[in-house]
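A.B. asks: Quick one: this structure, given as structure tokens, is what I'll be asking you about.
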Amino acid sequence: MDNLKTQLKTLTTPIFIEIALIMLLGAVDTVMLSNLKENSDNAVAAVGLDNQLISLVFLIYQFISMGAAIVCAQYIGAGLKKRLVQVVGIAVIVNFLLGIAVSFLLYTFAEELLTIMGLRPELQEYGLTYLKITGSLSFFQAVSLAFSASLRSADLAKYPMRITLVVNIVNIFGNYALIFGHFGCPELGVEGAALSTALSRFVSMVLLIIVHTKKHIGRFPIEYFKPFPWQELKKVLKIGIPAAGEEVSYSSSQVVITYFINKLGNEALATRTFCANAIIFVNLFVCSIVQGGDILVGHLVGKNKNNAAYKMGNFIFKRAMLITMIVSLSLAISGKTLLGLLTDNQEIIRVGTIIFFIDVILSIGRVSNIFAVGTLRSTGDAVFPVIVGITFQWLIAVGVSYLLGIPLGFGLIGMWVGFALDENVRGIILLKRWHSQKWKGKNLV
């Protein structure tokens, strides 16, 4: 067990840094746009709504890479190298084709999508500009996700981390130059933020391809794919589709909730954007330790060491909960000061500060969900979390939050109470599933 804990630390540290940098990549646009001379809150609100939609698209891209990562982890544990190469090749091909198709749809129907989401006329210019650029080039991220998942499954998480660091530097300089018009560049505002983000994702894709070729799989022999390995694709989809189903359901419910928040007004939408960008850093440790732990659990399940996998999972959960609660409480205490640095709107600061305290309770359920969903999935038990997720995300997260926020008049604060209830109910159910150990025997090898 001590050796596994050391491996977990080795895996978690680069994943932690990588996820932090990915979160920073999204937050940088918000922070820099909040410093625009005119209409900064409107720009932040529009880009925040756009990013809710883009996040949903990225989850669609992830359904193949998530499935491939778990299958690869189990194949590495079992020593099946040829099948490993086949799975990675399938993931890259499918994600590339899917990315091209979705990028075309986002560019073509950008205005219709924002209209459906209820973006108000005064925000339409910002939202349309940002979505058309980042959406039409989103296939860069689709390809990147496949290569990054492959590297992580092979305990090579340090390379995606380093690449994400480079990408952040590119994005910060690109934003500084293109949003505000420095280094001889035009002052483009929201358009500049979108162009910088798209360029950063392109750089990430190129670097990941280069590193993957040199450090993991140098070539994909054509004979490995003749005849096409449909059985491997089936295994990827067996994990990927349910995994994506749960994630897409969650993200779709958030899009609907964002539509409701939009109805509350520009202040509510901007408050949600500021709070969401701060709260994602609360989730940082649980996301990184669970992703690192899932690789180890997958390896152990591939070796048919289920009891060791169960002990490893319990260790991961306790560590994730302890650190997340410390960070969540710290954010709640310092929230007023943080929001004061981002905006001078007193109503946004007041409501946002209350939301940070509600989120302390929400974090208990969130840790349980992130842990249980990811770890159950790594064992091959991918269907149960989807059923639970779809049921309660829509019944409570959407239904109850709408009831509290709009008809009962509690606004954004009431909606956050609904979110907390949803996360904690799902967390209890999914933790019970993990401890029942009904996942044993569902491995893919």
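Every chain in the structure tokens takes a letter, A first, then B, and so on in the order presented; its residues are numbered from 1, and the ligands are numbered from 1 following the presented order.
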Could you pull out all residues of segment 16-246 of chain A with a DSSP call of alpha helix (DSSP H) and give them as an mmCIF file with C-alpha atoms, in the first residue's frame?

C.D. replies:
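Contents of the output file states-v6.cif:
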```
data_model
loop_
_atom_site.group_PDB
_atom_site.id
_atom_site.type_symbol
_atom_site.label_atom_id
_atom_site.label_comp_id
_atom_site.auth_asym_id
_atom_site.auth_seq_id
_atom_site.Cartn_x
_atom_site.Cartn_y
_atom_site.Cartn_z
ATOM 1 C CA PHE A 16 -2.788 18.778 -10.043
ATOM 2 C CA ILE A 17 -0.563 21.341 -11.721
ATOM 3 C CA GLU A 18 -2.004 20.582 -15.165
ATOM 4 C CA ILE A 19 -5.621 20.967 -14.025
ATOM 5 C CA ALA A 20 -4.708 24.175 -12.170
ATOM 6 C CA LEU A 21 -3.183 25.539 -15.349
ATOM 7 C CA ILE A 22 -6.201 24.466 -17.430
ATOM 8 C CA MET A 23 -8.499 26.224 -14.966
ATOM 9 C CA LEU A 24 -6.230 29.258 -15.070
ATOM 10 C CA LEU A 25 -6.476 29.217 -18.860
ATOM 11 C CA GLY A 26 -10.244 29.751 -18.602
ATOM 12 C CA ALA A 27 -10.040 32.194 -15.697
ATOM 13 C CA VAL A 28 -7.465 34.412 -17.434
ATOM 14 C CA ASP A 29 -10.026 35.503 -20.049
ATOM 15 C CA THR A 30 -12.494 36.455 -17.294
ATOM 16 C CA VAL A 31 -9.942 38.373 -15.226
ATOM 17 C CA MET A 32 -8.498 40.262 -18.200
ATOM 18 C CA LEU A 33 -11.900 41.104 -19.676
ATOM 19 C CA SER A 40 -16.466 44.895 -18.615
ATOM 20 C CA ASP A 41 -19.249 43.171 -16.639
ATOM 21 C CA ASN A 42 -21.251 42.627 -19.847
ATOM 22 C CA ALA A 43 -18.209 41.128 -21.581
ATOM 23 C CA VAL A 44 -17.579 38.801 -18.613
ATOM 24 C CA ALA A 45 -21.245 37.750 -18.525
ATOM 25 C CA ALA A 46 -21.349 36.965 -22.270
ATOM 26 C CA VAL A 47 -18.079 35.024 -22.265
ATOM 27 C CA GLY A 48 -19.198 33.150 -19.143
ATOM 28 C CA LEU A 49 -22.358 31.990 -20.912
ATOM 29 C CA ASP A 50 -20.334 31.031 -24.001
ATOM 30 C CA ASN A 51 -17.922 28.985 -21.910
ATOM 31 C CA GLN A 52 -20.836 27.068 -20.400
ATOM 32 C CA LEU A 53 -21.696 25.906 -23.920
ATOM 33 C CA ILE A 54 -18.049 25.256 -24.840
ATOM 34 C CA SER A 55 -17.653 23.154 -21.681
ATOM 35 C CA LEU A 56 -20.548 20.983 -22.837
ATOM 36 C CA VAL A 57 -18.861 20.532 -26.224
ATOM 37 C CA PHE A 58 -15.589 19.511 -24.574
ATOM 38 C CA LEU A 59 -17.456 16.870 -22.588
ATOM 39 C CA ILE A 60 -18.750 15.457 -25.876
ATOM 40 C CA TYR A 61 -15.127 15.256 -27.036
ATOM 41 C CA GLN A 62 -14.155 13.587 -23.782
ATOM 42 C CA PHE A 63 -16.453 10.602 -24.078
ATOM 43 C CA ILE A 64 -13.961 8.772 -26.308
ATOM 44 C CA SER A 65 -10.850 9.918 -24.443
ATOM 45 C CA MET A 66 -12.342 9.006 -21.035
ATOM 46 C CA GLY A 67 -13.256 5.539 -22.248
ATOM 47 C CA ALA A 68 -9.871 5.093 -23.918
ATOM 48 C CA ALA A 69 -7.975 6.165 -20.792
ATOM 49 C CA ILE A 70 -9.687 3.544 -18.632
ATOM 50 C CA VAL A 71 -9.290 0.748 -21.189
ATOM 51 C CA CYS A 72 -5.623 1.738 -21.652
ATOM 52 C CA ALA A 73 -4.991 1.722 -17.892
ATOM 53 C CA GLN A 74 -6.393 -1.795 -17.578
ATOM 54 C CA TYR A 75 -4.436 -2.989 -20.650
ATOM 55 C CA ILE A 76 -1.217 -1.550 -19.217
ATOM 56 C CA GLY A 77 -1.923 -3.401 -15.969
ATOM 57 C CA ALA A 78 -2.474 -6.615 -17.947
ATOM 58 C CA LYS A 81 0.622 -3.622 -25.652
ATOM 59 C CA LYS A 82 -0.885 -4.232 -29.090
ATOM 60 C CA ARG A 83 -4.398 -3.609 -27.830
ATOM 61 C CA LEU A 84 -3.137 -0.449 -26.127
ATOM 62 C CA VAL A 85 -1.905 0.923 -29.473
ATOM 63 C CA GLN A 86 -5.217 0.027 -31.125
ATOM 64 C CA VAL A 87 -7.247 1.837 -28.464
ATOM 65 C CA VAL A 88 -5.176 5.025 -28.667
ATOM 66 C CA GLY A 89 -5.371 5.021 -32.471
ATOM 67 C CA ILE A 90 -9.150 4.642 -32.341
ATOM 68 C CA ALA A 91 -9.439 7.508 -29.838
ATOM 69 C CA VAL A 92 -7.424 9.895 -32.015
ATOM 70 C CA ILE A 93 -9.321 9.082 -35.236
ATOM 71 C CA VAL A 94 -12.782 9.310 -33.691
ATOM 72 C CA ASN A 95 -12.041 12.519 -31.772
ATOM 73 C CA PHE A 96 -10.612 14.199 -34.860
ATOM 74 C CA LEU A 97 -13.682 13.409 -36.984
ATOM 75 C CA LEU A 98 -16.064 14.331 -34.172
ATOM 76 C CA GLY A 99 -14.179 17.569 -33.538
ATOM 77 C CA ILE A 100 -14.393 18.692 -37.168
ATOM 78 C CA ALA A 101 -18.151 18.025 -37.275
ATOM 79 C CA VAL A 102 -18.936 19.807 -33.997
ATOM 80 C CA SER A 103 -16.693 22.786 -34.822
ATOM 81 C CA PHE A 104 -18.577 23.279 -38.096
ATOM 82 C CA LEU A 105 -21.923 23.193 -36.284
ATOM 83 C CA LEU A 106 -20.794 25.680 -33.635
ATOM 84 C CA TYR A 107 -19.658 28.187 -36.253
ATOM 85 C CA THR A 108 -22.709 27.773 -38.464
ATOM 86 C CA ALA A 110 -23.631 30.159 -33.168
ATOM 87 C CA GLU A 111 -26.317 32.849 -33.274
ATOM 88 C CA GLU A 112 -29.166 30.347 -32.988
ATOM 89 C CA LEU A 113 -27.517 28.609 -30.018
ATOM 90 C CA LEU A 114 -27.041 31.867 -28.112
ATOM 91 C CA THR A 115 -30.622 32.884 -28.863
ATOM 92 C CA ILE A 116 -31.878 29.560 -27.478
ATOM 93 C CA PRO A 121 -29.346 41.793 -27.186
ATOM 94 C CA GLU A 122 -26.817 43.976 -25.344
ATOM 95 C CA LEU A 123 -24.606 40.897 -24.802
ATOM 96 C CA GLN A 124 -25.126 39.350 -28.228
ATOM 97 C CA GLU A 125 -22.172 41.059 -29.926
ATOM 98 C CA TYR A 126 -19.689 39.819 -27.321
ATOM 99 C CA GLY A 127 -21.155 36.327 -27.117
ATOM 100 C CA LEU A 128 -21.352 35.752 -30.864
ATOM 101 C CA THR A 129 -17.798 36.933 -31.508
ATOM 102 C CA TYR A 130 -16.293 34.720 -28.810
ATOM 103 C CA LEU A 131 -18.323 31.604 -29.658
ATOM 104 C CA LYS A 132 -17.706 31.739 -33.429
ATOM 105 C CA ILE A 133 -13.939 31.857 -32.977
ATOM 106 C CA THR A 134 -13.461 29.417 -30.087
ATOM 107 C CA GLY A 135 -16.233 27.101 -31.302
ATOM 108 C CA SER A 136 -15.070 26.807 -34.899
ATOM 109 C CA PHE A 139 -11.434 20.487 -32.749
ATOM 110 C CA PHE A 140 -7.896 21.341 -31.547
ATOM 111 C CA GLN A 141 -9.096 20.426 -28.060
ATOM 112 C CA ALA A 142 -10.734 17.203 -29.286
ATOM 113 C CA VAL A 143 -7.414 15.871 -30.609
ATOM 114 C CA SER A 144 -5.495 17.122 -27.554
ATOM 115 C CA LEU A 145 -7.804 15.254 -25.169
ATOM 116 C CA ALA A 146 -7.107 11.916 -26.879
ATOM 117 C CA PHE A 147 -3.312 12.267 -26.683
ATOM 118 C CA SER A 148 -3.387 13.648 -23.134
ATOM 119 C CA ALA A 149 -5.548 10.741 -21.901
ATOM 120 C CA SER A 150 -3.145 8.244 -23.469
ATOM 121 C CA LEU A 151 -0.114 9.807 -21.776
ATOM 122 C CA ARG A 152 -1.836 9.881 -18.380
ATOM 123 C CA SER A 153 -2.877 6.231 -18.572
ATOM 124 C CA LYS A 158 4.164 15.197 -16.299
ATOM 125 C CA TYR A 159 4.238 15.858 -20.049
ATOM 126 C CA PRO A 160 0.666 17.184 -20.414
ATOM 127 C CA MET A 161 1.400 19.302 -17.325
ATOM 128 C CA ARG A 162 4.453 20.908 -18.900
ATOM 129 C CA ILE A 163 2.610 21.524 -22.149
ATOM 130 C CA THR A 164 -0.273 23.171 -20.306
ATOM 131 C CA LEU A 165 2.223 25.498 -18.613
ATOM 132 C CA VAL A 166 3.546 26.582 -22.009
ATOM 133 C CA VAL A 167 -0.008 27.035 -23.291
ATOM 134 C CA ASN A 168 -0.901 29.271 -20.337
ATOM 135 C CA ILE A 169 2.045 31.507 -21.040
ATOM 136 C CA VAL A 170 0.984 31.744 -24.691
ATOM 137 C CA ASN A 171 -2.581 32.599 -23.658
ATOM 138 C CA ILE A 172 -1.594 35.266 -21.133
ATOM 139 C CA PHE A 173 0.681 37.048 -23.599
ATOM 140 C CA GLY A 174 -1.877 36.613 -26.376
ATOM 141 C CA ASN A 175 -4.643 38.084 -24.217
ATOM 142 C CA TYR A 176 -2.472 40.983 -23.113
ATOM 143 C CA ALA A 177 -1.542 41.772 -26.712
ATOM 144 C CA LEU A 178 -4.907 41.233 -28.412
ATOM 145 C CA ILE A 179 -7.417 42.360 -25.770
ATOM 146 C CA PHE A 180 -5.675 45.630 -24.905
ATOM 147 C CA VAL A 190 -13.487 40.015 -26.564
ATOM 148 C CA GLU A 191 -12.381 39.030 -30.074
ATOM 149 C CA GLY A 192 -8.761 39.187 -28.919
ATOM 150 C CA ALA A 193 -9.500 36.885 -25.971
ATOM 151 C CA ALA A 194 -11.112 34.372 -28.315
ATOM 152 C CA LEU A 195 -8.221 34.429 -30.802
ATOM 153 C CA SER A 196 -5.670 33.999 -28.017
ATOM 154 C CA THR A 197 -7.590 31.052 -26.543
ATOM 155 C CA ALA A 198 -7.870 29.336 -29.934
ATOM 156 C CA LEU A 199 -4.143 29.835 -30.623
ATOM 157 C CA SER A 200 -3.291 28.357 -27.222
ATOM 158 C CA ARG A 201 -5.330 25.213 -27.953
ATOM 159 C CA PHE A 202 -3.573 24.795 -31.308
ATOM 160 C CA VAL A 203 -0.159 25.013 -29.631
ATOM 161 C CA SER A 204 -1.289 22.440 -27.054
ATOM 162 C CA MET A 205 -2.381 19.987 -29.752
ATOM 163 C CA VAL A 206 0.898 20.229 -31.685
ATOM 164 C CA LEU A 207 3.067 19.790 -28.582
ATOM 165 C CA LEU A 208 1.040 16.816 -27.334
ATOM 166 C CA ILE A 209 1.394 15.038 -30.685
ATOM 167 C CA ILE A 210 5.168 15.566 -30.656
ATOM 168 C CA VAL A 211 5.622 14.379 -27.063
ATOM 169 C CA HIS A 212 3.288 11.406 -27.465
ATOM 170 C CA THR A 213 5.279 10.239 -30.502
ATOM 171 C CA LYS A 214 8.604 10.522 -28.700
ATOM 172 C CA LYS A 215 7.706 9.286 -25.212
ATOM 173 C CA TRP A 230 -14.219 -3.170 -33.616
ATOM 174 C CA GLN A 231 -13.997 -5.070 -30.322
ATOM 175 C CA GLU A 232 -11.649 -2.408 -28.914
ATOM 176 C CA LEU A 233 -13.936 0.395 -30.080
ATOM 177 C CA LYS A 234 -16.819 -1.407 -28.394
ATOM 178 C CA LYS A 235 -14.904 -1.491 -25.094
ATOM 179 C CA VAL A 236 -14.062 2.203 -25.349
ATOM 180 C CA LEU A 237 -17.710 3.034 -26.026
ATOM 181 C CA LYS A 238 -18.854 0.750 -23.203
ATOM 182 C CA ILE A 239 -17.071 3.057 -20.770
ATOM 183 C CA GLY A 240 -17.069 6.274 -22.801
ATOM 184 C CA ILE A 241 -20.770 6.546 -23.622
ATOM 185 C CA PRO A 242 -22.024 6.106 -20.042
ATOM 186 C CA ALA A 243 -19.204 8.345 -18.772
ATOM 187 C CA ALA A 244 -20.089 11.009 -21.310
ATOM 188 C CA GLY A 245 -23.774 10.497 -20.584
ATOM 189 C CA GLU A 246 -23.289 11.481 -16.955
#
```

A.B. asks: Quick one: pull the distance between atom CA of Pro227 of chain A and atom CA of Ala154 of chain A, Å, one decimal.

C.D. replies: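 Separation of atom CA of Pro227 of chain A and atom CA of Ala154 of chain A: 25.7 Å.
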
A.B. asks: Would you mind reading off the distance between atom CA of Leu119 of chain A and atom CA of Val256 of chain A, one decimal, in Å?

C.D. replies: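 Between these atoms lies a distance of 12.2 Å.
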
A.B. asks: Would you mind listing what lies within 8 Å of Phe274 of chain A as a short mmCIF file (atom, residue, chain, number, x, y, z; two decimals) with C-alpha atoms, in the first residue's frame, with only C-alpha atoms counted and same-chain residues fewer than 3 positions away left out?

C.D. replies:
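Below is the file that was written, selection.cif:
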```
data_model
loop_
_atom_site.label_atom_id
_atom_site.label_comp_id
_atom_site.auth_asym_id
_atom_site.auth_seq_id
_atom_site.Cartn_x
_atom_site.Cartn_y
_atom_site.Cartn_z
CA THR A 30 -12.49 36.45 -17.29
CA ALA A 270 -21.83 38.10 -13.99
CA THR A 271 -21.97 36.95 -10.34
CA ASN A 277 -14.27 30.76 -11.90
CA ALA A 278 -13.19 30.94 -8.25
CA LEU A 339 -14.63 39.65 -5.52
CA LEU A 342 -12.64 41.73 -9.78
CA GLY A 352 -21.10 36.19 -4.37
#
```

A.B. asks: Which value, in Å to one decimal, gives the distance between atom CA of Gln254 of chain A and atom CA of Trp434 of chain A?

C.D. replies: 25.7 Å
